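Data block below; observations after.
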Amino acid sequence: MQPVATTFFFYFLSALALLGAVFVITRRNAVHSALALIVTLLALAGIYLMLYAPFVAGVQIILYAGGIMVLFLFVIMLVNLERAEKEKQFNQQWLIALVAAGGLGLLFVRVFTESKTVSGLLQKPLAQLAESTNTQQVGIALYGNYMLAFEIASLLLLVAIVGAVVMAKKRI
Amino acid sequence: MLTSITSYLHSNETPGAAGNMFWALLYILAIFLGLSIAVIAMNWLERKVLAHMQVRLGPMRVGPHGLLQPIADALKLLIKEDIMPAHADRLVFWMAPLITVLAAFTTFIVVPFGPTHAVTDMNIGILFMLGVSSLGVLGIVTAGWASNSHYPLIGSLRSSAQMVSYEVAMGLAVVSAVLMTSLHGTGVYGTGTTGSGTGTLSMIGIVKAQYDQQIWFAFKFFPLGLIAMFVFSVAMVAETNRAPFDLPEAESELTAGFHTEYSGFRWSLFFLAEYSAMIAVSSIAVTLWFGGWLRPFPNALTGATWDLLFSLFPGFSFLGLGALALLSAMRMPRHRMFKIQTIGLAGFGALLALIGLGLLVPPLRDRVQDIYWFVAKVAVFMYLYIWYRGTFPRYRFDQLMMVGWKILLPTALAALIATAVVGVF
């Protein structure tokens with residue numbers, strides 16, 4: 001099926017993601033921040049769907065739903081909400097942050113104009129990605145070309161799990 | 001416009017795949033309506049069946065055999081005062097029931113009621129269902145936190161711990177079913193067909209794989225499919241916070257758990273979400289292990305005669321239900337106080353019989369029987385939910401964690417590895 005109202009959904013989801021992100025850092029209450037983070041992550045999942053990457057979108061929803069749940073537990077158990085309400089939220093490094101953000105923005109603008117005029121990157125028609133076999137292609141890539149990297153990453157995760165158990169349990 | 005509406009009637013793909021907006025909306029509305037009716041029916045059935053299991057009569061006053069009790073309950077809930085506790089987090093308190101309801105209903109986009117009867121078929125169908133239904137727990141946790149009260153907070157913490165631990169076992173069980181879509185096995189375990197070797201996550205694709213391999217995945221690689229199915233059906237009870245895993249709302253310890261502070265309409269939203277989530281996970285189980293919409297023995301008993309016989313099933317089961325209702329109407333006490341109830345029950349029986357007669361009409365019969373088999377299989381799981389509640393005592397929390405991590409997780413892992421080994425060699 002042909003996509004409908006692509007531009008509208010792109011701007012809608014982007015605005016949602018940005019709004020959520022702004023709320024994450026400006027809310028004083030950490031639970032509100034976590035909820036705003038979920039909005040951002042779901043909007044990103046929608047953008048992945050628009051990029052014909054349904055598998056990434058689905059994994060994004062599954063992983064971050066569980067992840068946010070753990071974040072909630074952290075907030076409820078570790079953060080003292082009454083004290084956090086009174087604390088100062090921002091540190092005094094806005095000048096450096098402004099320079100860094102401006103630099104990144106300039107880089108983006110430069111890449112955009114450069115690719116439009118010189119190399120013609122944006123004019124090239126993008127390959128039509130097969131939405132219906134997306135998961136299968138991800139699987140073939142992961143277990144074919146990138147087998148070693150995938151296995152190393154899973155070993156790393158295993159080490160992290162064992163480490164967490166060792167740290168958390170006094171007597172094993 | 002009109003041609004696109006009528007031309008879809010002969011199409012053999014889902015409205016989402018055909019890009020037909022009108023029928024997609026119609027399917028969404030139909031599913032919404034059907035779910036609401038199912039939740040109402042389930043409410044009545046649960047009270048009735050539980051009562052009969054405990055040698056009581058259950059609701060008998062409102063309508064014949066208490067048939068109108070759910071409507072009376074709904075009215076009571078709607079006119080109840082809507083209370084928000086002092087110092088509750090107003091926004092989050094307001095949002096929490098909405099999150100659970102939205103998550104519970106959104107999953108039904110990909111539920112395949114038939115080869116064409118689904119809103120859409122996604123490439124990531126089963127992943128989408130698991131992901132969105134796990135978002136529902138978020139509503140429960142925020143509800144408990146926002147209530148600014150001790151019991152709800154403990155209930156919601158329990159709920160999140162339970163979800164995190166049981167989702168692992170559930171996911172592994174699902175993966176072993178997804179593996180079965182591509183693995184065919186040899187020797188004793190061979191299914192007699194050879195496939196392309198690539199599996200699928202799409203809900204419709206999984207059911208079609210079961211048809212092609214001529215076996216329900218519950219019985220494939222015996223007993224590995226059954227083990228995975230068992231792990232899933234335990235984990236799904238825990239995921240939906242139902243007895244014997246209903247610790248987040250354990251009424252003997254936490255009054256009502258996470259929804260203690262909710263009343264009226266907001267509470268009824270939680271109720272609606274809980275039952276829709278139960279139906280959603282039951283339909284995952286039916287799709288993955290019990291052949292989804294396929295009728296019994298679609299490969300062994302083929303031919304026009306068998307097709308006709310099985311397509312008569314929906315109509316005749318409705319006719320049977322109607323006859324049962326009429327029989328009960330005849331057995332009502334002959335007294336003028338029961339006159340309206342008797343007439344009502346007879347009318348209900350006549351309605352069921354009329355639906356049954358309607359389902360016998362040939363074009364409708366062929367179109368609807370997929371839905372009938374799917375719903376019948378889901379109904380078995382829903383009955384099991386009631387049965388569990390009537391028979392099992394509630395687990396203690398440490399026992400719940402032990403079952404999740406020390407029994408279900410290793411079992412699911414072993415079943416997954418064994419499925420892969422058996423399938424490849």
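Residue names in the structure tokens use chain letters A, B, ... in the order shown, residue numbers from 1 in each chain, and ligand numbers from 1 in the order shown.
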
Practice problem: Pull out every residue of chain A that has at least one atom within 9 Å of chain B, counting only C-alpha atoms, and report them as a PyMOL selection string. | Solution: chain A and resi 1-2+31-32+35+54-55+57-63+65-66+68-70+72-73+76+131-136

Quiz prompt | Backbone DSSP call of alpha helix (DSSP H) for stretch 228-380 of chain B, listed as number ranges by chain | solution = B: 228-239, 251-254, 264-289, 304-311, 313-330, 339-358, 362-380

Exercise. Choose the residue, out of B:Val375, B:Leu326, B:Ala350, B:Ile407, that has the smallest atom-to-atom separation from B:Ile227; count only C-alpha atoms.
Key: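 So, comparing all the options, the nearest one is B:Ile407.
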
Practice problem: May I have the residues within 12 Å of B:Ala376 as number ranges by chain, using only C-alpha atoms and disregarding those fewer than 3 positions away in the same chain? | Solution: B: 38, 113, 279, 282-283, 286, 290-296, 313-314, 317-318, 369-373, 379-383

Quiz item: Leaving out B:Asp398 and any residue of its chain fewer than 5 positions from it, which residues lie within 12 Å of it when counting only C-alpha atoms, given as a VMD selection string?
Solution: chain B and resid 158 161 to 162 245 247 403 to 406

Convert the current residue selection to file output with N, CA, C and O atoms, as a short mmCIF file (atom, residue, chain, number, x, y, z; two decimals), in the first residue's frame.
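See again-v3.cif below for the written result:
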data_model
loop_
_atom_site.label_atom_id
_atom_site.label_comp_id
_atom_site.auth_asym_id
_atom_site.auth_seq_id
_atom_site.Cartn_x
_atom_site.Cartn_y
_atom_site.Cartn_z
N ARG B 158 4.84 -4.28 42.76
CA ARG B 158 4.72 -5.71 42.51
C ARG B 158 4.45 -5.98 41.03
O ARG B 158 5.04 -6.87 40.43
N ALA B 161 7.61 -5.54 38.91
CA ALA B 161 8.56 -6.64 39.11
C ALA B 161 8.06 -7.90 38.41
O ALA B 161 8.81 -8.60 37.74
N GLN B 162 6.76 -8.14 38.54
CA GLN B 162 6.16 -9.32 37.93
C GLN B 162 6.28 -9.27 36.41
O GLN B 162 6.64 -10.25 35.77
N PHE B 245 -1.87 -15.27 39.97
CA PHE B 245 -0.76 -14.32 40.02
C PHE B 245 -1.27 -12.90 40.22
O PHE B 245 -0.66 -11.96 39.74
N LEU B 247 -1.14 -10.69 42.42
CA LEU B 247 -0.57 -10.01 43.57
C LEU B 247 -0.69 -8.50 43.52
O LEU B 247 -0.86 -7.88 44.55
N VAL B 403 8.94 -19.16 40.74
CA VAL B 403 8.34 -19.83 39.58
C VAL B 403 8.82 -19.17 38.29
O VAL B 403 9.20 -19.84 37.34
N GLY B 404 8.85 -17.84 38.29
CA GLY B 404 9.23 -17.13 37.08
C GLY B 404 10.68 -17.37 36.67
O GLY B 404 10.96 -17.71 35.53
N TRP B 405 11.59 -17.18 37.64
CA TRP B 405 13.02 -17.20 37.28
C TRP B 405 13.62 -18.59 37.32
O TRP B 405 14.52 -18.90 36.56
N LYS B 406 13.17 -19.43 38.28
CA LYS B 406 13.87 -20.71 38.45
C LYS B 406 13.17 -21.86 37.74
O LYS B 406 13.78 -22.91 37.55
#

Give me the residues within 12 Å of B:Arg61 as a PDB file with N, CA and C atoms, in the first residue's frame, counting only C-alpha atoms and dropping any in the same chain fewer than 4 places off.
ATOM      1  N   LEU B  57     -25.411 -19.732  43.436  1.00  0.00           N
ATOM      2  CA  LEU B  57     -26.162 -19.481  42.204  1.00  0.00           C
ATOM      3  C   LEU B  57     -25.576 -18.300  41.417  1.00  0.00           C
ATOM      4  N   HIS B  65     -31.653 -15.371  35.025  1.00  0.00           N
ATOM      5  CA  HIS B  65     -30.332 -15.908  35.354  1.00  0.00           C
ATOM      6  C   HIS B  65     -29.266 -14.811  35.421  1.00  0.00           C
ATOM      7  N   GLY B  66     -29.684 -13.616  35.832  1.00  0.00           N
ATOM      8  CA  GLY B  66     -28.732 -12.523  35.991  1.00  0.00           C
ATOM      9  C   GLY B  66     -28.111 -12.028  34.706  1.00  0.00           C
ATOM     10  N   LEU B  67     -28.787 -12.254  33.563  1.00  0.00           N
ATOM     11  CA  LEU B  67     -28.193 -11.894  32.276  1.00  0.00           C
ATOM     12  C   LEU B  67     -27.962 -10.396  32.129  1.00  0.00           C
ATOM     13  N   LEU B  68     -28.770  -9.589  32.813  1.00  0.00           N
ATOM     14  CA  LEU B  68     -28.634  -8.138  32.664  1.00  0.00           C
ATOM     15  C   LEU B  68     -27.732  -7.544  33.737  1.00  0.00           C
ATOM     16  N   GLN B  69     -27.139  -8.416  34.573  1.00  0.00           N
ATOM     17  CA  GLN B  69     -26.297  -7.935  35.666  1.00  0.00           C
ATOM     18  C   GLN B  69     -25.154  -7.034  35.183  1.00  0.00           C
ATOM     19  N   PRO B  70     -24.416  -7.387  34.119  1.00  0.00           N
ATOM     20  CA  PRO B  70     -23.319  -6.513  33.666  1.00  0.00           C
ATOM     21  C   PRO B  70     -23.800  -5.112  33.314  1.00  0.00           C
ATOM     22  N   ALA B  72     -26.412  -3.574  34.624  1.00  0.00           N
ATOM     23  CA  ALA B  72     -26.681  -2.896  35.890  1.00  0.00           C
ATOM     24  C   ALA B  72     -25.379  -2.437  36.523  1.00  0.00           C
ATOM     25  N   MET B 337     -44.661 -13.464  39.244  1.00  0.00           N
ATOM     26  CA  MET B 337     -43.471 -12.648  39.489  1.00  0.00           C
ATOM     27  C   MET B 337     -42.360 -12.933  38.480  1.00  0.00           C
ATOM     28  N   PHE B 338     -42.374 -14.152  37.925  1.00  0.00           N
ATOM     29  CA  PHE B 338     -41.314 -14.539  37.000  1.00  0.00           C
ATOM     30  C   PHE B 338     -41.720 -14.379  35.543  1.00  0.00           C
ATOM     31  N   GLN B 341     -39.382 -12.222  33.388  1.00  0.00           N
ATOM     32  CA  GLN B 341     -38.097 -12.896  33.233  1.00  0.00           C
ATOM     33  C   GLN B 341     -38.198 -14.041  32.234  1.00  0.00           C
TER      34      GLN B 341
END

Quiz prompt | d(atom CA of A:Glu85, atom CA of A:Ala36) in Å | solution = 17.2 Å

Quiz item: How many Å separate atom CA of B:Leu29 from atom CA of B:Asn241?
Solution: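 For atom CA of B:Leu29 relative to atom CA of B:Asn241, the distance reads 27.1 Å.
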
Self-check item: 10 Å contact set for B:Arg367, only C-alpha atoms, chain neighbours under 2 positions out, as a ChimeraX atom specification
Solution: /B:9,114,116-117,311,359,362-365,369-372

Using N, CA, C and O atoms, can you export the residues from the last selection as an mmCIF file, in the first residue's frame?
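Listing of selection19.cif after writing:
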data_model
loop_
_atom_site.group_PDB
_atom_site.id
_atom_site.type_symbol
_atom_site.label_atom_id
_atom_site.label_comp_id
_atom_site.auth_asym_id
_atom_site.auth_seq_id
_atom_site.Cartn_x
_atom_site.Cartn_y
_atom_site.Cartn_z
ATOM 1 N N LEU B 9 -15.093 -6.748 -1.174
ATOM 2 C CA LEU B 9 -15.825 -7.935 -0.720
ATOM 3 C C LEU B 9 -15.271 -9.218 -1.313
ATOM 4 O O LEU B 9 -15.355 -10.276 -0.715
ATOM 5 N N GLY B 114 -9.169 -14.153 10.804
ATOM 6 C CA GLY B 114 -9.320 -14.976 9.619
ATOM 7 C C GLY B 114 -8.262 -14.542 8.626
ATOM 8 O O GLY B 114 -7.587 -13.538 8.869
ATOM 9 N N THR B 116 -8.533 -12.984 5.972
ATOM 10 C CA THR B 116 -8.773 -11.599 5.556
ATOM 11 C C THR B 116 -9.324 -10.753 6.684
ATOM 12 O O THR B 116 -9.435 -9.546 6.552
ATOM 13 N N HIS B 117 -9.679 -11.397 7.788
ATOM 14 C CA HIS B 117 -10.347 -10.656 8.865
ATOM 15 C C HIS B 117 -9.359 -10.156 9.904
ATOM 16 O O HIS B 117 -9.302 -10.654 11.026
ATOM 17 N N SER B 311 -18.600 -25.911 8.030
ATOM 18 C CA SER B 311 -19.106 -24.543 7.895
ATOM 19 C C SER B 311 -20.496 -24.417 8.500
ATOM 20 O O SER B 311 -20.977 -23.309 8.728
ATOM 21 N N LEU B 359 -26.468 -17.331 10.295
ATOM 22 C CA LEU B 359 -25.134 -17.853 9.997
ATOM 23 C C LEU B 359 -25.185 -19.057 9.078
ATOM 24 O O LEU B 359 -24.164 -19.515 8.603
ATOM 25 N N PRO B 362 -25.548 -19.384 2.944
ATOM 26 C CA PRO B 362 -24.282 -19.782 2.326
ATOM 27 C C PRO B 362 -23.179 -18.730 2.229
ATOM 28 O O PRO B 362 -22.092 -19.001 2.728
ATOM 29 N N PRO B 363 -23.361 -17.524 1.614
ATOM 30 C CA PRO B 363 -22.207 -16.644 1.469
ATOM 31 C C PRO B 363 -21.648 -16.187 2.813
ATOM 32 O O PRO B 363 -20.441 -16.123 3.009
ATOM 33 N N LEU B 364 -22.557 -15.913 3.753
ATOM 34 C CA LEU B 364 -22.147 -15.469 5.081
ATOM 35 C C LEU B 364 -21.412 -16.596 5.803
ATOM 36 O O LEU B 364 -20.410 -16.375 6.465
ATOM 37 N N ARG B 365 -21.924 -17.815 5.615
ATOM 38 C CA ARG B 365 -21.396 -18.994 6.289
ATOM 39 C C ARG B 365 -19.912 -19.179 5.989
ATOM 40 O O ARG B 365 -19.092 -19.377 6.878
ATOM 41 N N GLN B 369 -16.951 -18.367 9.083
ATOM 42 C CA GLN B 369 -16.557 -19.513 9.906
ATOM 43 C C GLN B 369 -15.140 -19.406 10.443
ATOM 44 O O GLN B 369 -14.857 -19.929 11.527
ATOM 45 N N ASP B 370 -14.249 -18.668 9.732
ATOM 46 C CA ASP B 370 -12.904 -18.449 10.281
ATOM 47 C C ASP B 370 -12.988 -17.748 11.630
ATOM 48 O O ASP B 370 -12.355 -18.152 12.599
ATOM 49 N N ILE B 371 -13.810 -16.669 11.660
ATOM 50 C CA ILE B 371 -13.962 -15.901 12.891
ATOM 51 C C ILE B 371 -14.491 -16.796 14.002
ATOM 52 O O ILE B 371 -14.030 -16.758 15.135
ATOM 53 N N TYR B 372 -15.466 -17.663 13.621
ATOM 54 C CA TYR B 372 -16.074 -18.539 14.618
ATOM 55 C C TYR B 372 -15.024 -19.430 15.271
ATOM 56 O O TYR B 372 -14.965 -19.538 16.498
#

Exercise. Write out as a PyMOL selection string each polymer residue whose atoms come within 8 Å of B:Ala118, counting only C-alpha atoms; drop sequence neighbours fewer than 6 positions from it.
Key: chain B and resi 14-15+27+109-112

Residue subset to file, keeping all heavy atoms, as an mmCIF file, in the first residue's frame:
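The result, stored in selection.cif:
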data_model
loop_
_atom_site.group_PDB
_atom_site.id
_atom_site.type_symbol
_atom_site.label_atom_id
_atom_site.label_comp_id
_atom_site.auth_asym_id
_atom_site.auth_seq_id
_atom_site.Cartn_x
_atom_site.Cartn_y
_atom_site.Cartn_z
ATOM 1 N N THR B 14 -6.130 -8.457 3.757
ATOM 2 C CA THR B 14 -6.689 -7.635 4.826
ATOM 3 C C THR B 14 -6.883 -6.206 4.323
ATOM 4 O O THR B 14 -6.218 -5.791 3.372
ATOM 5 C CB THR B 14 -5.738 -7.613 6.025
ATOM 6 O OG1 THR B 14 -4.491 -7.102 5.581
ATOM 7 C CG2 THR B 14 -5.528 -8.991 6.599
ATOM 8 N N PRO B 15 -7.802 -5.449 4.950
ATOM 9 C CA PRO B 15 -8.024 -4.072 4.512
ATOM 10 C C PRO B 15 -6.748 -3.243 4.555
ATOM 11 O O PRO B 15 -6.539 -2.372 3.712
ATOM 12 C CB PRO B 15 -9.047 -3.524 5.506
ATOM 13 C CG PRO B 15 -9.561 -4.654 6.267
ATOM 14 C CD PRO B 15 -8.688 -5.830 6.041
ATOM 15 N N TYR B 27 -13.609 -2.434 10.204
ATOM 16 C CA TYR B 27 -13.068 -3.532 11.005
ATOM 17 C C TYR B 27 -12.706 -3.059 12.405
ATOM 18 O O TYR B 27 -12.952 -3.754 13.388
ATOM 19 C CB TYR B 27 -11.838 -4.126 10.321
ATOM 20 C CG TYR B 27 -12.156 -5.284 9.423
ATOM 21 C CD1 TYR B 27 -12.649 -5.065 8.150
ATOM 22 C CD2 TYR B 27 -11.964 -6.590 9.844
ATOM 23 C CE1 TYR B 27 -12.948 -6.119 7.312
ATOM 24 C CE2 TYR B 27 -12.256 -7.647 9.018
ATOM 25 C CZ TYR B 27 -12.754 -7.404 7.756
ATOM 26 O OH TYR B 27 -13.057 -8.449 6.939
ATOM 27 N N ILE B 109 -5.138 -4.573 16.470
ATOM 28 C CA ILE B 109 -4.941 -4.237 15.061
ATOM 29 C C ILE B 109 -4.424 -5.442 14.290
ATOM 30 O O ILE B 109 -4.806 -5.680 13.154
ATOM 31 C CB ILE B 109 -3.959 -3.053 14.935
ATOM 32 C CG1 ILE B 109 -4.643 -1.764 15.363
ATOM 33 C CG2 ILE B 109 -3.452 -2.912 13.520
ATOM 34 C CD1 ILE B 109 -3.745 -0.577 15.263
ATOM 35 N N VAL B 110 -3.542 -6.236 14.896
ATOM 36 C CA VAL B 110 -2.909 -7.311 14.136
ATOM 37 C C VAL B 110 -3.485 -8.688 14.434
ATOM 38 O O VAL B 110 -3.033 -9.671 13.863
ATOM 39 C CB VAL B 110 -1.388 -7.343 14.376
ATOM 40 C CG1 VAL B 110 -0.737 -6.168 13.714
ATOM 41 C CG2 VAL B 110 -1.059 -7.402 15.827
ATOM 42 N N VAL B 111 -4.487 -8.776 15.335
ATOM 43 C CA VAL B 111 -5.037 -10.101 15.652
ATOM 44 C C VAL B 111 -5.747 -10.667 14.427
ATOM 45 O O VAL B 111 -6.658 -10.030 13.886
ATOM 46 C CB VAL B 111 -6.017 -10.003 16.832
ATOM 47 C CG1 VAL B 111 -6.752 -11.304 17.014
ATOM 48 C CG2 VAL B 111 -5.287 -9.633 18.089
ATOM 49 N N PRO B 112 -5.330 -11.848 13.940
ATOM 50 C CA PRO B 112 -5.961 -12.386 12.739
ATOM 51 C C PRO B 112 -7.192 -13.227 13.076
ATOM 52 O O PRO B 112 -7.076 -14.366 13.516
ATOM 53 C CB PRO B 112 -4.860 -13.255 12.137
ATOM 54 C CG PRO B 112 -4.056 -13.689 13.304
ATOM 55 C CD PRO B 112 -4.247 -12.710 14.410
#

Practice problem: Would you mind telling me which residue in A:Leu148, A:Leu51, A:Leu42, A:Leu37 lies nearest to A:Thr6 when using only C-alpha atoms? | Solution: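 Selected residue with least distance to A:Thr6: A:Leu51.
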
Quiz item: Which is closer to B:Val424 than all the others in B:Met180, B:Met170, B:Leu50, B:Leu98, using only C-alpha atoms?
Solution: B:Met180

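With only C-alpha atoms as the atoms that count, the residue of B:Leu35, B:Ile5, B:Val378, B:Ala103 with the shortest distance to B:Phe22 is B:Ile5.
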